[in-house]
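Working notes, beginning with the structure itself.
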Amino acid sequence: MAAPVKDPKIQVKRPDESIFKRLTRHQLFIPLAALALLVLFNLIADPTFFAVTVKENSLGNPVLSGNIISVLDNASELVILAIGMTLVTASSGGQDISVGAAMAIAGSVILRMVCGGQVSADTMQTPLVLAVLVGILVSMIFGAFNGALVAYFKIQPMVATLILFTAGRSIAAWINNNQLPIINDLGFKYAGTFLPGIPVPTPIFITILVILLFWLALKFTNLGLYTQSVGINANSSRLNGLDPKLIKLLTYVILGVCVAIAGFVRVSRSGSINYSRIAENIEMDAILAVALGGNALSGGKFNIYGSILGAYVIQFLTTTLYKYEVPSTALPAYKAVVVILLVVLSAPVVQEKLASVRKAPAKAAKEVS
Amino acid sequence: MQQGAVLEMRGICKYFPGVRALQDVDFTLREGEIHALMGENGAGKSTLIKVLTGVYPKDGGEVRIKGVEGAAVIRSPQDAQNAGISTVYQEITLCPNLTVAENMYIGRTKGAGANWKAMNSGAGKILESLGIPASPKQQLGTCSIAVQQMVAIARAVDMECKVLILDEPTSSLDEQEVIKLFGLMRDLRAKGVGIIFVTHFLEQVYEVCDRITVLRDGQLVGEYVIEDLPRVQLVSKMLGKELDDMADIKSEVGGGQIDMEGVPVLEAEGLCSSAGIKPFDFSIRKGEVNGFTGLLGSGRSECVRAIFGADRVTGGNVKVDGREVRIKKPLDAMKQGIGYLPEDRKGDGIVGDLSVRENIILALQVMKGFFRPFSRAQAEAFADEYIKLLEIKTASADTPIKSLSGGNQQKCILARWLLTDPRYLILDEPTRGIDIGTKIEIQKLVLKLAAEGKSVTFISSEIDEMLRTCSRLIVMRDRKAVGELKGADLTQSKIMATIAGGDE
Amino acid sequence: MKKFFALILSLAMILALAACGGNNNQPANDTQAPSDTQEPANNDAQAPADTNEPAAPATGDLITVGVINNDPNESGYRTANDAAMRATFTEENGYKATFYNNNDAAQQIATAQQMVQDEVDFLLLSPASTTGWDTVLQDAQAAGTQVILFDRMLEADESMYVAAVVSDMPAEGKTAVDWLAAQGLDEYNIIHIQGHMGSDAQLGRTGALDEKVAAEANWNYVTQQTADWDEATARTITQSVIDSGKPFNVIYAENNGMARGAVAALDANGITHGKDGDVIVMGFDSDKWAFEAVLEGSWNYMGLCNPLQADTVDSIIKDLVAGNAPAQKIIYTPEQGFDCETLTQADVDTYGT
């Protein structure tokens, strides 16, 4: 069996490989290495970065505080989006660039519901659960709109979602009558801050819950197999009884759910929304998280945990840069460096070089034997 | 270098992780000869060619080319092209969204400017001289696969080459086109070009080749002058064992006992689809193997696609076991116990990046439903069972299917459908582009399935294969069923006559 | 069935978009109330206009105006600004007004050209860019259309427009910094959260603080970062300072949203702020909820940036029609800083938007 093998990731394991080489080939190698690098940098530069202290917040509850908690807390929206973005990428071979605008819509719907249409409200006018459910529903509809354009009208995902990217924040403005609504009910902010008596930020729990849900979904349904199959070869999938269009649509609807949850977390951090600024450029971070996780942006096989890790790495980087007071206008430049490294590392030319470097010692071993 | 040689390869080695793809292989090509490179899939033919053309770097040995001092350095296909080596690959490697002329000249124009007018007229002349039915300004993607293949050959021919490599060029050509291609090859031979011809079709080897080099498991078996190597010996050298008599697999396996009593397993009346076939009738009984035959593009694939619901069905009724059913999409057909192995293995069959295991369980999994995935253990058991049963050569069930050889990929697709335990299996060109050993295995399998009481529709470009397996043939011409042959009528000449039509 | 579903979805979206496009008038109606309080003043202004017929506009009784503004969705400030313009220039007030909103200067210029050709009496302009307006201004002058700038300036000779009603951003910054200096802290350790870099508001509000920090030994930046007007980013920046353990006692946020984000971080870490707290919180603009935060003593200071230039523009026009040119070319909208010690409910009602 001498079938040509191009992709070093898929090469079969060989007993004469060192553990290190097998490690470098693993899909999660890049995000893990990036994370290790960041941890190492902070350990050397200032070990207090990792200090976690217990403080008392303004409501008198004990809360955990520290950079690590900030990373885990602030990455929540990005992690949730990255999960949905991974599925969309896998099934349709493209990305949804409207997630930031769609978060503005979902957040606006939720705030409008809890504020009961007023500009500011001191108590929730609608039960929170209902508001969130409506937010999710609306977000699913917009997700389905994107998905329909991609799957049924066969528009390139970036172009299809450009529509909502452009219109989304205006729709959000319309939902709240061009007002910036504010809710002062503490109950609303539980999801974005702390639950009474629990010292860990609630977004961390919400994120864990979402990850858990997707873990279950991937284990107990064929979501993974179907989306990958459709993303790799839609024709084959159809001839095996799948409906590629429906599955693509489904992934966009699922992303819609993720967007609504992320939007909810974001608005419940402060109880208000500035629809023109909220979650600006988050789509780029979400796409970067997917890429950083070792997933091909052209679709097909995916590893959702890679994207999750990628999202945490991005937030870790952001927090580190903030700590060292790198101007936040310079943040995109640092992310660009990450993108360049990623793109270069995954370029076929470099992959081939890496493969030949890996192969050389193995060949030598063979010749000796 | 040897006298008269244009190309010499000595002691070529190539390793892939876990595999020795080529070991100490020698190959000599002389001026003005057509030299067949033979071997089963995985024997190393493609690898040898990719080493020669600079696609893969070699791990040992040297290449000498006439007119080049010392060992030739070929690090890229561009180097190979400059050294006078042109290649036409099995899979079309041109750009479907460019025009025919652009494809013929891409990468060959010097400098920044391009004289489109000259290119178009130049391309037009070559196409005309080769009798290729394509216009230079036509977008390549709109041509049939056969024409695209011929454009690729035209491109290679037009480059003044010393060595022309044809890697499975005929697998998507019909008879007439093959004849045309052979004429072309002979012309080039007369001009002194050395041609390396890689094919699975034994008949074609004996028709045009002067010499044969046989590879097996990455090693050289030998180089032979064609007259010294009878067909049977060639096959046994390729397989490394004496072959059962190929012609007589039917009597060996026994074939199916066709149940003529009950209602047909599937019966279609006036079926037609969006792919543009004329309404046709069709039926198949339990234990029967039948087939569609006809020239490329005659509509044989479209017929079976209509039965399976792969194209949008626009008319007709289908009865399964005498009950009327509506098959609008593949899943409907699958639920009726129909399986379909598509013609285009790469485009419609395999899901390349998924593992062998996932590819095997895919159809059954889809039938079982979204919310009821197989456990890992169950999936592994299924995969292992069929890897063993069909002798699929793979490193493990987790290996991505795209890294398997063509024949083994095809076996995986077969396994996929066998796993669904279909009552009726449609195999559209299951033997195309795969090695001869697997071809025979597949034909035997078809007969075995029939013996077990399943029904099979078998389509192949090689009439031999159909004669060996089918008890009834439906002949297609111009997207229309024009005849049905069975019993004593099932002979090569009768089939040819029916395909050709006219004075019956 | 699925295709049908897709179709319905697309239709729903188109409707949503259409509804969205048509919504621009809504805020105008919603915020009619504030302009009602100005009614008497308007009538006063109108009275002389009715009697002074020589300068009366050509088109019947109504003064025609073309209003070119930025997109109201740009910010809460812009929303209020646009709503006030729409509420003021109504037929009841004696105007026949055409409104156009766009953040693209090229589109604005094209529309302005059209309005000049339509011979409006006044062209009210909030330009999206400071350059490229020369032709429009010349044409306007030739056609006898008078140009009044509001909220934003452009690069042209003063003679090309009759008046400009704008916010004085450097003055806003100065007022705020003076107020902060008056608090008499021993040491000023400031978290400075900036707006979109290069914007007028950012430059003005940053400039005064930068000067003071450079001049005074006991004024220090703990961090100076832009949050691009974003609340969440402001929260992250503040949290990052808290995590680093550096002491600070002032948050100088260049708009209210960012101040709110910073306060969220303070609250999460149990750091007191406002009237009796450890950290002084300062914001800018005119949001009602921010006024309320100052009133409650949760914040210390808000620099008012008044988006309601409509009334001033209105009275300038009425004066011009009456034959009185404005006293100065550049008129700064009345702005001031509000302190939690002195702010009253009446101020909130007057200035809050």
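Chains: A, B, ... in order of the structure tokens. Residues: from 1 per chain. Ligands: from 1, in order shown.
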
- Task: Using only C-alpha atoms, determine which residues lie at most 8 Å from Ala262 of chain A, disregarding the query and same-chain residues fewer than 4 positions distant; provide the list as a PyMOL selection string.
- Result: chain A and resi 76-78+80-81+103+258+266

Suppose we keep C-alpha atoms; can you now write the selection as a PDB file, in the first residue's frame?
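Generated file (again36.pdb):
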```
ATOM      1  CA  SER A  76     -17.049  33.166  27.350  1.00  0.00           C
ATOM      2  CA  GLU A  77     -18.798  34.875  24.445  1.00  0.00           C
ATOM      3  CA  LEU A  78     -15.937  34.052  22.107  1.00  0.00           C
ATOM      4  CA  ILE A  80     -19.608  30.028  22.579  1.00  0.00           C
ATOM      5  CA  LEU A  81     -19.400  31.724  19.183  1.00  0.00           C
ATOM      6  CA  MET A 103     -25.364  39.444  18.835  1.00  0.00           C
ATOM      7  CA  CYS A 258     -24.811  30.267  20.102  1.00  0.00           C
ATOM      8  CA  ARG A 266     -22.696  40.186  26.871  1.00  0.00           C
TER       9      ARG A 266
END
```

Using only C-alpha atoms, which residues sit within 8 Å of segment 77-79 of chain C once same-chain residues fewer than 3 positions away are excluded, as a PDB file with C-alpha atoms, in the first residue's frame?
```pdb
ATOM      1  CA  ASN A 178     -32.974  53.834  18.399  1.00  0.00           C
ATOM      2  CA  GLN A 179     -32.764  54.028  22.173  1.00  0.00           C
TER       3      GLN A 179
ATOM      4  CA  ASN C  70     -24.928  61.410  10.001  1.00  0.00           C
ATOM      5  CA  ASP C  71     -26.557  58.054  10.604  1.00  0.00           C
ATOM      6  CA  PRO C  72     -28.646  58.182  13.791  1.00  0.00           C
ATOM      7  CA  ASN C  73     -27.516  54.622  14.592  1.00  0.00           C
ATOM      8  CA  GLU C  74     -23.962  55.816  14.982  1.00  0.00           C
ATOM      9  CA  ASP C  82     -31.093  63.613  14.785  1.00  0.00           C
ATOM     10  CA  ALA C  83     -34.325  63.245  16.718  1.00  0.00           C
ATOM     11  CA  ASP C 285     -22.364  63.073  26.822  1.00  0.00           C
ATOM     12  CA  SER C 286     -25.972  63.523  27.793  1.00  0.00           C
ATOM     13  CA  ASP C 287     -27.572  60.149  28.526  1.00  0.00           C
ATOM     14  CA  PRO C 307     -26.612  67.047  21.124  1.00  0.00           C
TER      15      PRO C 307
END
```

- Could you tell me how far atom CA of Ala330 of chain A lies from atom CA of Phe49 of chain A, in Å and to one decimal?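 The value is 21.0 Å.
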
- Excluding same-chain residues fewer than 4 positions from segment 177-189 of chain B, what lies within 7 Å of it counting only C-alpha atoms, as a list in words?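 Listing them by chain and then by number gives Gly32, Glu33, Ile34, Thr170, Leu173, Val193, Gly194 and Val208 of chain B.
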
- Task: For Trp229 of chain C, please output as an MDAnalysis selection string all residues within 12 Å (counting only C-alpha atoms; exclusion window: fewer than 3 positions along the same chain).
- Result: (chainID A and resid 274:280) or (chainID C and resid 74:77 193:197 199 201:202 225:226 232:235 253:262 283:285)

- atom CA of Asp398 of chain B sits from atom CA of Phe374 of chain B at a separation of 15.5 Å

- Task: Identify all chain B residues at most 6 Å from chain A by counting only C-alpha atoms; ligands do not count. Present them as a PyMOL selection string.
- Result: chain B and resi 19+21+42+330-331+348-349+351+363+370-371+373+403-405

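The spacing separating atom CA of Pro196 of chain A from atom CA of Gly66 of chain A amounts to 19.0 Å.
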
- Item | Residues of segment 271-329 of chain C in strand (DSSP E or B), written as a PyMOL selection string | chain C and resi 273+279-284+301-303

- Looking at A:Ile261, A:Ala131, A:Val159, A:Leu35, which one is nearest to Leu209 of chain A, with distances taken over only C-alpha atoms?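 Checking each candidate against Leu209 of chain A, we get A:Ile261 as the closest.
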
- Message: Residues near segment 95-104 of chain B, anyone? I mean within 6 Å using only C-alpha atoms, not counting same-chain ones fewer than 6 positions away, as JSON, numbers by chain.
- Response: {"B": [120, 123, 136, 137, 138, 139, 140, 141, 155]}

- Message: Need the shell around Asp339 of chain C: protein/DNA/RNA residues with any atom at most 10 Å away, counting only C-alpha atoms. Skip same-chain ones fewer than 2 positions apart. Format as a ChimeraX atom specification?
- Response: /C:176,179,275,282,291,294-295,297,299-303,336-337,341-344

Would you mind exporting C-alpha atoms of the selected residues as a PDB file, in the first residue's frame?
```pdb
ATOM      1  CA  ALA C 176     -13.773  68.283  33.304  1.00  0.00           C
ATOM      2  CA  TRP C 179     -13.370  70.090  38.039  1.00  0.00           C
ATOM      3  CA  LYS C 275     -19.828  60.413  46.108  1.00  0.00           C
ATOM      4  CA  MET C 282     -16.265  60.669  35.249  1.00  0.00           C
ATOM      5  CA  PHE C 291     -27.398  61.810  34.829  1.00  0.00           C
ATOM      6  CA  VAL C 294     -24.567  61.113  39.034  1.00  0.00           C
ATOM      7  CA  LEU C 295     -27.716  62.137  40.882  1.00  0.00           C
ATOM      8  CA  GLY C 297     -23.962  59.643  43.738  1.00  0.00           C
ATOM      9  CA  TRP C 299     -20.734  58.619  39.670  1.00  0.00           C
ATOM     10  CA  ASN C 300     -19.054  61.902  40.484  1.00  0.00           C
ATOM     11  CA  TYR C 301     -19.112  63.899  37.294  1.00  0.00           C
ATOM     12  CA  MET C 302     -20.596  64.052  33.860  1.00  0.00           C
ATOM     13  CA  GLY C 303     -19.421  66.448  31.184  1.00  0.00           C
ATOM     14  CA  GLN C 336     -21.259  72.413  31.323  1.00  0.00           C
ATOM     15  CA  GLY C 337     -20.078  69.780  33.760  1.00  0.00           C
ATOM     16  CA  GLU C 341     -22.919  67.386  44.815  1.00  0.00           C
ATOM     17  CA  THR C 342     -24.855  69.984  42.864  1.00  0.00           C
ATOM     18  CA  LEU C 343     -26.870  68.140  40.224  1.00  0.00           C
ATOM     19  CA  THR C 344     -30.623  68.487  40.595  1.00  0.00           C
TER      20      THR C 344
END
```

- Task: Name the residues in contact with Asp151 of chain C at a cut-off of 12 Å, using only C-alpha atoms, excluding same-chain residues fewer than 6 positions from it; report them as a ChimeraX atom specification.
- Result: /C:68-70,77-78,81-82,85,124-128,130,163-169,200-201,305-310,312-313,330-333

- Item | Test item, helix (DSSP H, G or I) assignment across segment 70-281 of chain C, answer as number ranges by chain | C: 72-74, 76-88, 105-117, 134-143, 158-160, 169-182, 200-215, 231-244, 256-268

Expected file: the selected residues, C-alpha atoms, as an mmCIF file, in the first residue's frame:
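Saved as result_15.cif:
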```
data_model
loop_
_atom_site.group_PDB
_atom_site.id
_atom_site.type_symbol
_atom_site.label_atom_id
_atom_site.label_comp_id
_atom_site.auth_asym_id
_atom_site.auth_seq_id
_atom_site.Cartn_x
_atom_site.Cartn_y
_atom_site.Cartn_z
ATOM 1 C CA PRO C 72 -28.646 58.182 13.791
ATOM 2 C CA ASN C 73 -27.516 54.622 14.592
ATOM 3 C CA GLU C 74 -23.962 55.816 14.982
ATOM 4 C CA GLY C 76 -26.870 57.504 21.350
ATOM 5 C CA TYR C 77 -25.566 61.039 20.988
ATOM 6 C CA ARG C 78 -26.326 61.074 17.277
ATOM 7 C CA THR C 79 -29.722 59.506 17.858
ATOM 8 C CA ALA C 80 -30.671 62.363 20.149
ATOM 9 C CA ASN C 81 -29.177 64.918 17.791
ATOM 10 C CA ASP C 82 -31.093 63.613 14.785
ATOM 11 C CA ALA C 83 -34.325 63.245 16.718
ATOM 12 C CA ALA C 84 -34.121 66.854 17.887
ATOM 13 C CA MET C 85 -33.545 68.123 14.348
ATOM 14 C CA ARG C 86 -36.536 66.212 13.093
ATOM 15 C CA ALA C 87 -38.691 67.430 15.976
ATOM 16 C CA THR C 88 -37.767 71.059 15.418
ATOM 17 C CA ALA C 105 -19.416 62.040 2.852
ATOM 18 C CA ALA C 106 -19.660 61.385 -0.886
ATOM 19 C CA GLN C 107 -23.345 60.534 -0.550
ATOM 20 C CA GLN C 108 -23.863 63.558 1.650
ATOM 21 C CA ILE C 109 -22.215 65.824 -0.917
ATOM 22 C CA ALA C 110 -24.313 64.444 -3.769
ATOM 23 C CA THR C 111 -27.499 64.954 -1.802
ATOM 24 C CA ALA C 112 -26.455 68.451 -0.755
ATOM 25 C CA GLN C 113 -25.882 69.325 -4.396
ATOM 26 C CA GLN C 114 -29.375 68.134 -5.181
ATOM 27 C CA MET C 115 -30.835 70.182 -2.353
ATOM 28 C CA VAL C 116 -29.073 73.313 -3.576
ATOM 29 C CA GLN C 117 -30.470 72.695 -7.038
ATOM 30 C CA ASP C 134 -16.031 73.492 -1.829
ATOM 31 C CA THR C 135 -18.247 73.031 -4.886
ATOM 32 C CA VAL C 136 -21.370 72.581 -2.837
ATOM 33 C CA LEU C 137 -20.640 75.690 -0.794
ATOM 34 C CA GLN C 138 -19.931 77.786 -3.907
ATOM 35 C CA ASP C 139 -23.058 76.537 -5.639
ATOM 36 C CA ALA C 140 -25.060 77.283 -2.525
ATOM 37 C CA GLN C 141 -23.730 80.808 -2.416
ATOM 38 C CA ALA C 142 -24.523 81.298 -6.081
ATOM 39 C CA ALA C 143 -28.036 79.947 -5.648
ATOM 40 C CA GLU C 158 -15.821 81.393 7.227
ATOM 41 C CA SER C 159 -17.530 83.422 4.537
ATOM 42 C CA MET C 160 -18.872 80.270 2.943
ATOM 43 C CA MET C 169 -14.669 69.514 22.717
ATOM 44 C CA PRO C 170 -11.443 70.996 24.111
ATOM 45 C CA ALA C 171 -13.545 73.166 26.383
ATOM 46 C CA GLU C 172 -15.450 70.101 27.561
ATOM 47 C CA GLY C 173 -12.156 68.439 28.407
ATOM 48 C CA LYS C 174 -10.893 71.552 30.131
ATOM 49 C CA THR C 175 -14.054 71.896 32.225
ATOM 50 C CA ALA C 176 -13.773 68.283 33.304
ATOM 51 C CA VAL C 177 -10.090 68.483 34.154
ATOM 52 C CA ASP C 178 -10.600 71.723 36.081
ATOM 53 C CA TRP C 179 -13.370 70.090 38.039
ATOM 54 C CA LEU C 180 -11.124 67.118 38.787
ATOM 55 C CA ALA C 181 -8.314 69.388 39.935
ATOM 56 C CA ALA C 182 -10.756 71.148 42.233
ATOM 57 C CA ASP C 200 -13.087 65.185 17.676
ATOM 58 C CA ALA C 201 -14.477 64.171 21.011
ATOM 59 C CA GLN C 202 -11.502 61.978 21.840
ATOM 60 C CA LEU C 203 -8.966 64.624 20.854
ATOM 61 C CA GLY C 204 -10.682 67.341 22.848
ATOM 62 C CA ARG C 205 -11.288 65.288 25.950
ATOM 63 C CA THR C 206 -7.859 63.643 25.927
ATOM 64 C CA GLY C 207 -5.974 66.881 25.205
ATOM 65 C CA ALA C 208 -6.881 68.687 28.406
ATOM 66 C CA LEU C 209 -6.090 65.675 30.584
ATOM 67 C CA ASP C 210 -2.799 64.920 28.847
ATOM 68 C CA GLU C 211 -1.692 68.493 29.463
ATOM 69 C CA LYS C 212 -2.558 68.369 33.125
ATOM 70 C CA VAL C 213 -0.907 64.980 33.727
ATOM 71 C CA ALA C 214 2.249 66.221 32.040
ATOM 72 C CA ALA C 215 2.238 69.395 34.117
ATOM 73 C CA GLU C 231 -18.568 49.408 27.152
ATOM 74 C CA ALA C 232 -17.290 45.831 27.277
ATOM 75 C CA THR C 233 -13.773 46.866 26.299
ATOM 76 C CA ALA C 234 -13.785 49.534 28.995
ATOM 77 C CA ARG C 235 -14.778 46.896 31.529
ATOM 78 C CA THR C 236 -11.945 44.637 30.384
ATOM 79 C CA ILE C 237 -9.400 47.434 30.610
ATOM 80 C CA THR C 238 -10.493 48.343 34.124
ATOM 81 C CA GLN C 239 -10.552 44.705 35.225
ATOM 82 C CA SER C 240 -7.054 44.309 33.870
ATOM 83 C CA VAL C 241 -5.819 47.196 36.036
ATOM 84 C CA ILE C 242 -7.579 45.748 39.070
ATOM 85 C CA ASP C 243 -6.007 42.344 38.369
ATOM 86 C CA SER C 244 -2.578 43.928 38.168
ATOM 87 C CA ASN C 256 -20.863 57.448 29.500
ATOM 88 C CA GLY C 257 -21.038 53.935 28.079
ATOM 89 C CA MET C 258 -17.368 53.338 28.783
ATOM 90 C CA ALA C 259 -17.723 54.821 32.274
ATOM 91 C CA ARG C 260 -20.514 52.366 32.861
ATOM 92 C CA GLY C 261 -18.315 49.483 31.739
ATOM 93 C CA ALA C 262 -15.560 50.591 34.093
ATOM 94 C CA VAL C 263 -18.045 50.850 36.966
ATOM 95 C CA ALA C 264 -19.191 47.289 36.285
ATOM 96 C CA ALA C 265 -15.608 46.129 36.840
ATOM 97 C CA LEU C 266 -15.378 48.164 40.052
ATOM 98 C CA ASP C 267 -18.636 46.680 41.324
ATOM 99 C CA ALA C 268 -17.498 43.163 40.535
#
```

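Distance check against chain A using only C-alpha atoms: of C:Ile148, C:Ile63, C:Ala327, C:Ala293, the minimum falls on C:Ala293.
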